[in-house]
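Participant: One file: work37.pdb (PDB, C-alpha atoms, pLDDT in the B column).
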```pdb
MODEL        1
ATOM      1  CA  MET I  16      84.664 128.106  92.632  1.00 44.00           C
ATOM      2  CA  PRO I  17      82.640 131.258  92.020  1.00 49.00           C
ATOM      3  CA  SER I  18      81.420 132.973  95.165  1.00 50.00           C
ATOM      4  CA  ASN I  19      77.906 133.361  93.727  1.00 53.00           C
ATOM      5  CA  HIS I  20      77.475 129.556  93.778  1.00 54.00           C
ATOM      6  CA  LYS I  21      75.011 128.664  96.532  1.00 55.00           C
ATOM      7  CA  ALA I  22      75.722 125.123  97.731  1.00 48.00           C
ATOM      8  CA  GLN I  23      73.093 124.001 100.225  1.00 58.00           C
ATOM      9  CA  GLY I  24      73.943 120.770 102.024  1.00 60.00           C
ATOM     10  CA  GLY I  25      73.003 117.337 100.805  1.00 74.00           C
ATOM     11  CA  LYS I  26      73.840 116.401  97.240  1.00 80.00           C
ATOM     12  CA  ALA I  27      75.189 119.815  96.272  1.00 77.00           C
ATOM     13  CA  PHE I  28      77.607 119.825  99.209  1.00 74.00           C
ATOM     14  CA  GLY I  29      78.724 116.264  98.454  1.00 78.00           C
ATOM     15  CA  THR I  30      79.344 117.176  94.820  1.00 82.00           C
ATOM     16  CA  LEU I  31      81.301 120.276  95.854  1.00 78.00           C
ATOM     17  CA  LYS I  32      83.501 118.266  98.235  1.00 77.00           C
ATOM     18  CA  ALA I  33      84.074 115.555  95.591  1.00 80.00           C
ATOM     19  CA  GLN I  34      85.204 118.204  93.087  1.00 82.00           C
ATOM     20  CA  GLN I  35      87.502 119.709  95.692  1.00 81.00           C
ATOM     21  CA  ARG I  36      89.074 116.310  96.449  1.00 83.00           C
ATOM     22  CA  GLU I  37      89.601 115.709  92.709  1.00 86.00           C
ATOM     23  CA  ARG I  38      91.472 119.028  92.415  1.00 87.00           C
ATOM     24  CA  LEU I  39      93.617 118.142  95.427  1.00 87.00           C
ATOM     25  CA  GLU I  40      94.293 114.681  93.980  1.00 88.00           C
ATOM     26  CA  GLU I  41      95.532 116.274  90.732  1.00 89.00           C
ATOM     27  CA  ILE I  42      97.979 118.375  92.728  1.00 88.00           C
ATOM     28  CA  ASN I  43      99.075 115.254  94.635  1.00 87.00           C
ATOM     29  CA  LYS I  44      99.865 113.581  91.301  1.00 89.00           C
ATOM     30  CA  GLU I  45     102.088 116.534  90.398  1.00 87.00           C
ATOM     31  CA  TYR I  46     104.048 116.010  93.624  1.00 85.00           C
ATOM     32  CA  MET I  47     104.300 112.260  92.952  1.00 85.00           C
ATOM     33  CA  GLU I  48     105.878 112.976  89.547  1.00 85.00           C
ATOM     34  CA  ASP I  49     108.154 115.752  90.817  1.00 83.00           C
ATOM     35  CA  GLN I  50     111.818 114.672  90.934  1.00 81.00           C
ATOM     36  CA  LYS I  51     112.398 116.850  93.984  1.00 82.00           C
ATOM     37  CA  TYR I  52     110.143 114.646  96.144  1.00 77.00           C
ATOM     38  CA  ARG I  53     111.057 111.197  94.701  1.00 75.00           C
ATOM     39  CA  ASP I  54     113.154 110.302  97.752  1.00 78.00           C
ATOM     40  CA  GLU I  55     110.439 111.269 100.240  1.00 78.00           C
ATOM     41  CA  GLU I  56     109.528 108.262 102.371  1.00 80.00           C
ATOM     42  CA  ASP I  57     105.848 107.111 102.157  1.00 82.00           C
ATOM     43  CA  LEU I  58     104.986 110.010  99.847  1.00 85.00           C
ATOM     44  CA  PRO I  59     101.609 108.601  98.654  1.00 86.00           C
ATOM     45  CA  ASP I  60     100.423 108.050 102.241  1.00 87.00           C
ATOM     46  CA  LYS I  61     101.638 111.474 103.349  1.00 85.00           C
ATOM     47  CA  LEU I  62      99.934 113.208 100.439  1.00 88.00           C
ATOM     48  CA  GLU I  63      96.670 111.379 101.154  1.00 88.00           C
ATOM     49  CA  GLY I  64      96.845 112.495 104.789  1.00 86.00           C
ATOM     50  CA  PHE I  65      97.623 116.075 103.757  1.00 84.00           C
ATOM     51  CA  LYS I  66      94.679 116.061 101.344  1.00 87.00           C
ATOM     52  CA  ASN I  67      92.268 114.856 104.025  1.00 84.00           C
ATOM     53  CA  LYS I  68      93.523 117.342 106.619  1.00 81.00           C
ATOM     54  CA  TYR I  69      93.385 120.216 104.133  1.00 84.00           C
ATOM     55  CA  ALA I  70      89.884 119.381 102.880  1.00 82.00           C
ATOM     56  CA  GLU I  71      88.617 119.208 106.460  1.00 79.00           C
ATOM     57  CA  PHE I  72      89.597 122.808 107.182  1.00 79.00           C
ATOM     58  CA  ASP I  73      88.860 124.449 103.828  1.00 79.00           C
ATOM     59  CA  LEU I  74      85.743 126.055 105.262  1.00 72.00           C
ATOM     60  CA  ASN I  75      84.923 128.340 102.332  1.00 70.00           C
ATOM     61  CA  ASP I  76      85.334 125.527  99.750  1.00 71.00           C
ATOM     62  CA  GLN I  77      87.431 127.884  97.626  1.00 75.00           C
ATOM     63  CA  GLY I  78      90.489 125.623  97.710  1.00 78.00           C
ATOM     64  CA  GLU I  79      92.195 127.801 100.307  1.00 85.00           C
ATOM     65  CA  ILE I  80      92.406 127.855 104.091  1.00 86.00           C
ATOM     66  CA  ASP I  81      91.642 131.346 105.334  1.00 87.00           C
ATOM     67  CA  ILE I  82      92.237 132.878 108.752  1.00 88.00           C
ATOM     68  CA  MET I  83      89.056 131.430 110.274  1.00 87.00           C
ATOM     69  CA  GLY I  84      89.744 127.957 108.853  1.00 85.00           C
ATOM     70  CA  LEU I  85      93.261 127.962 110.294  1.00 85.00           C
ATOM     71  CA  LYS I  86      92.007 129.340 113.611  1.00 87.00           C
ATOM     72  CA  GLN I  87      89.443 126.523 113.799  1.00 86.00           C
ATOM     73  CA  MET I  88      92.123 123.972 112.879  1.00 81.00           C
ATOM     74  CA  MET I  89      94.366 125.158 115.714  1.00 82.00           C
ATOM     75  CA  GLU I  90      91.470 125.062 118.193  1.00 85.00           C
ATOM     76  CA  LYS I  91      90.505 121.555 117.122  1.00 81.00           C
ATOM     77  CA  LEU I  92      94.123 120.438 117.554  1.00 77.00           C
ATOM     78  CA  GLY I  93      94.069 121.835 121.091  1.00 80.00           C
ATOM     79  CA  VAL I  94      96.421 124.737 120.340  1.00 79.00           C
ATOM     80  CA  PRO I  95      94.193 127.813 120.162  1.00 83.00           C
ATOM     81  CA  LYS I  96      95.859 130.868 118.641  1.00 84.00           C
ATOM     82  CA  THR I  97      94.973 134.547 118.580  1.00 88.00           C
ATOM     83  CA  HIS I  98      93.952 136.243 115.350  1.00 88.00           C
ATOM     84  CA  LEU I  99      97.385 137.881 115.087  1.00 90.00           C
ATOM     85  CA  GLU I 100      99.214 134.568 115.650  1.00 87.00           C
ATOM     86  CA  VAL I 101      97.128 132.930 112.925  1.00 87.00           C
ATOM     87  CA  LYS I 102      97.947 135.783 110.527  1.00 89.00           C
ATOM     88  CA  LYS I 103     101.659 135.319 111.269  1.00 87.00           C
ATOM     89  CA  MET I 104     101.359 131.576 110.622  1.00 84.00           C
ATOM     90  CA  ILE I 105      99.760 132.232 107.231  1.00 86.00           C
ATOM     91  CA  LEU I 106     102.461 134.765 106.331  1.00 87.00           C
ATOM     92  CA  GLU I 107     105.127 132.226 107.335  1.00 83.00           C
ATOM     93  CA  VAL I 108     103.633 129.498 105.142  1.00 82.00           C
ATOM     94  CA  THR I 109     102.885 131.677 102.103  1.00 84.00           C
ATOM     95  CA  GLY I 110     105.956 133.885 102.356  1.00 82.00           C
ATOM     96  CA  GLY I 111     103.708 136.953 102.541  1.00 81.00           C
ATOM     97  CA  SER I 112     102.240 136.406  99.089  1.00 83.00           C
ATOM     98  CA  SER I 113      98.685 135.735 100.245  1.00 84.00           C
ATOM     99  CA  ASN I 114      96.227 135.946 103.166  1.00 86.00           C
ATOM    100  CA  THR I 115      95.156 132.345 102.600  1.00 87.00           C
ATOM    101  CA  ILE I 116      96.984 129.014 102.393  1.00 86.00           C
ATOM    102  CA  ASN I 117      96.452 127.166  99.128  1.00 88.00           C
ATOM    103  CA  TYR I 118      97.033 123.423  98.882  1.00 87.00           C
ATOM    104  CA  ARG I 119     100.380 123.741  97.100  1.00 87.00           C
ATOM    105  CA  ASP I 120     101.717 125.997  99.886  1.00 85.00           C
ATOM    106  CA  PHE I 121     100.361 123.550 102.464  1.00 84.00           C
ATOM    107  CA  VAL I 122     102.066 120.508 100.878  1.00 85.00           C
ATOM    108  CA  ARG I 123     105.283 122.439 100.253  1.00 83.00           C
ATOM    109  CA  MET I 124     105.332 123.410 103.932  1.00 80.00           C
ATOM    110  CA  MET I 125     104.647 119.864 105.142  1.00 81.00           C
ATOM    111  CA  LEU I 126     107.267 118.275 102.866  1.00 80.00           C
ATOM    112  CA  GLY I 127     109.786 121.097 103.154  1.00 76.00           C
ATOM    113  CA  LYS I 128     112.789 121.359 105.445  1.00 69.00           C
ATOM    114  CA  ARG I 129     111.653 124.580 107.116  1.00 62.00           C
ATOM    115  CA  SER I 130     109.952 124.152 110.483  1.00 59.00           C
ATOM    116  CA  ALA I 131     106.878 126.327 110.242  1.00 61.00           C
ATOM    117  CA  VAL I 132     104.799 126.542 113.421  1.00 63.00           C
ATOM    118  CA  LEU I 133     101.791 125.056 111.628  1.00 69.00           C
ATOM    119  CA  LYS I 134     103.869 122.093 110.421  1.00 66.00           C
ATOM    120  CA  LEU I 135     105.163 121.427 113.939  1.00 63.00           C
ATOM    121  CA  VAL I 136     101.643 121.501 115.382  1.00 66.00           C
ATOM    122  CA  LEU I 137     100.267 119.151 112.699  1.00 68.00           C
ATOM    123  CA  VAL I 138     103.171 116.693 113.014  1.00 64.00           C
ATOM    124  CA  PHE I 139     102.857 116.700 116.800  1.00 59.00           C
ATOM    125  CA  GLU I 140      99.099 116.090 116.521  1.00 63.00           C
ATOM    126  CA  ASP I 141      99.644 113.129 114.182  1.00 64.00           C
ATOM    127  CA  LYS I 142     102.198 111.593 116.549  1.00 57.00           C
ATOM    128  CA  ALA I 143      99.899 112.135 119.516  1.00 55.00           C
ATOM    129  CA  ASN I 144      97.042 110.391 117.709  1.00 57.00           C
ATOM    130  CA  GLY I 145      99.278 107.447 116.829  1.00 52.00           C
ATOM    131  CA  ALA I 146     100.494 106.732 120.372  1.00 45.00           C
ATOM    132  CA  SER I 147      97.847 107.011 123.022  1.00 43.00           C
ATOM    133  CA  CYS I 148      99.060 108.280 126.378  1.00 43.00           C
ATOM    134  CA  LYS I 149      96.131 106.757 128.235  1.00 46.00           C
ATOM    135  CA  PRO I 150      96.324 103.055 129.114  1.00 50.00           C
ATOM    136  CA  ASP I 151      93.580 100.794 127.819  1.00 55.00           C
ATOM    137  CA  GLY I 152      91.124  99.601 130.442  1.00 60.00           C
ATOM    138  CA  PRO I 153      91.162 100.036 134.206  1.00 68.00           C
ATOM    139  CA  PRO I 154      94.405 100.395 136.171  1.00 65.00           C
ATOM    140  CA  PRO I 155      96.015  97.159 137.365  1.00 70.00           C
ATOM    141  CA  LYS I 156      95.121  95.796 140.813  1.00 76.00           C
ATOM    142  CA  ARG I 157      97.632  96.638 143.520  1.00 72.00           C
ATOM    143  CA  ASP I 158      98.169  95.184 146.934  1.00 78.00           C
ATOM    144  CA  ILE I 159      99.533  96.821 150.076  1.00 81.00           C
ATOM    145  CA  SER I 160     103.092  95.535 149.555  1.00 80.00           C
ATOM    146  CA  SER I 161     103.403  97.293 146.184  1.00 75.00           C
ATOM    147  CA  LEU I 162     102.614 100.729 147.653  1.00 69.00           C
ATOM    148  CA  PRO I 163     105.516 103.092 148.499  1.00 67.00           C
TER     149      PRO I 163
ENDMDL
END
```
Step by step, read the file and then write its structure as structure tokens.

Facilitator:
Amino acid sequence: MPSNHKAQGGKAFGTLKAQQRERLEEINKEYMEDQKYRDEEDLPDKLEGFKNKYAEFDLNDQGEIDIMGLKQMMEKLGVPKTHLEVKKMILEVTGGSSNTINYRDFVRMMLGKRSAVLKLVLVFEDKANGASCKPDGPPPKRDISSLP
């Protein structure tokens, strides 16, 4: 997306996000057809989740997560990182080839065997969202005999 494009909320923003999701969906199709990932369990669901997570933090709508997007992601996940830590995370994911994380690097990291810090944080966050630590409703009634 050219940087001189001025998207201003509303319809223009919705159109921009729809185009971005279409591009990410095309990349997802490539991974679905790739022999390397055929044995991956629940691949369509994983790719859909990756696409949604990635689109949420692509702040510049350029198809890449930059330092500020990753920093915001970490803060939202409850794991704030310093600027230097975020730079190291990006270098780990991209192998030093870029200062931003593109979607292919992101998916490769999430599906890959290497345990990047970003992958560990995202997987932990997904597991934490799936199993709530807080009980539903008020605590059960207790009587005097049940106290220690």

Participant: What is the distance between CA of Lys102 in chain I and CA of Met83 in chain I, in Å to one decimal?

Facilitator: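 About the pair CA of Lys102 in chain I and CA of Met83 in chain I: they are 9.9 Å apart.
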
Participant: Kindly give the distance, in Å, that separates CA of Arg123 in chain I and CA of Gln35 in chain I, rounded to a single decimal.

Facilitator: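 These atoms are spaced 18.6 Å apart.
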
Participant: Work out where the centre of an axis-aligned box around every listed atom of range 30-49 of chain I lies and how long its edges are once 5 Å is added on each side; give both in Å to one decimal as AutoDock Vina command-line options.

Facilitator:
```
--center_x 93.7 --center_y 116.3 --center_z 93.9 --size_x 38.8 --size_y 18.0 --size_z 18.7
```

Participant: Compute the distance from (89.8, 119.4, 100.9) to each atom, counting only C-alpha atoms, keep the residues with any atom at most 7 Å away, and return them as a PyMOL selection string; use the coordinates of the file.

Facilitator: chain I and resi 32+35-36+39+66-67+69-71+73

Participant: Report the distance between CA of Lys86 in chain I and CA of Thr115 in chain I in Å, rounded to one decimal place.

Facilitator: 11.8 Å

Participant: Using only C-alpha atoms for the distances, tell me which of I:Asp57, I:Glu63, I:Glu90, I:Asp120 is nearest to Leu106 in chain I.

Facilitator: I:Asp120

Participant: So, counting all atoms listed in the file, which residue among I:Lys68, I:Arg53, I:Asn114, I:Val108 is closest to Ile82 in chain I?

Facilitator: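 Comparing I:Lys68, I:Arg53, I:Asn114, I:Val108 against Ile82 in chain I, the winner is I:Asn114.
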
Participant: Determine the nearest neighbour of Met125 in chain I from the options I:Lys44, I:Gly64, I:Ala33, I:Arg38, counting all atoms listed in the file.

Facilitator: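 Closest to Met125 in chain I, using all atoms listed in the file: I:Gly64.
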
Participant: Env of Lys96 in chain I: 12 Å cut, atoms = only C-alpha atoms, seq-sep filter 2 positions within chain, self excluded. Answer as a ChimeraX atom specification.

Facilitator: /I:82-94,98-104,132-133,136

Participant: Looking at I:Asp76, I:Asp158, I:Glu107, I:Glu45, which one is nearest to Phe28 in chain I, with distances taken over all atoms listed in the file?

Facilitator: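 Nearest to Phe28 in chain I: I:Asp76.
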
Participant: List the neighbours of Asn43 in chain I out to 10 Å using all atoms listed in the file; skip same-chain residues closer than 6 positions along the sequence, and give me the result as a list in words.

Facilitator: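 The residues that qualify are Glu37, Asp49, Leu58, Pro59, Lys61, Leu62, Glu63, Phe65, Lys66, Tyr118, Arg119 and Val122 of chain I.
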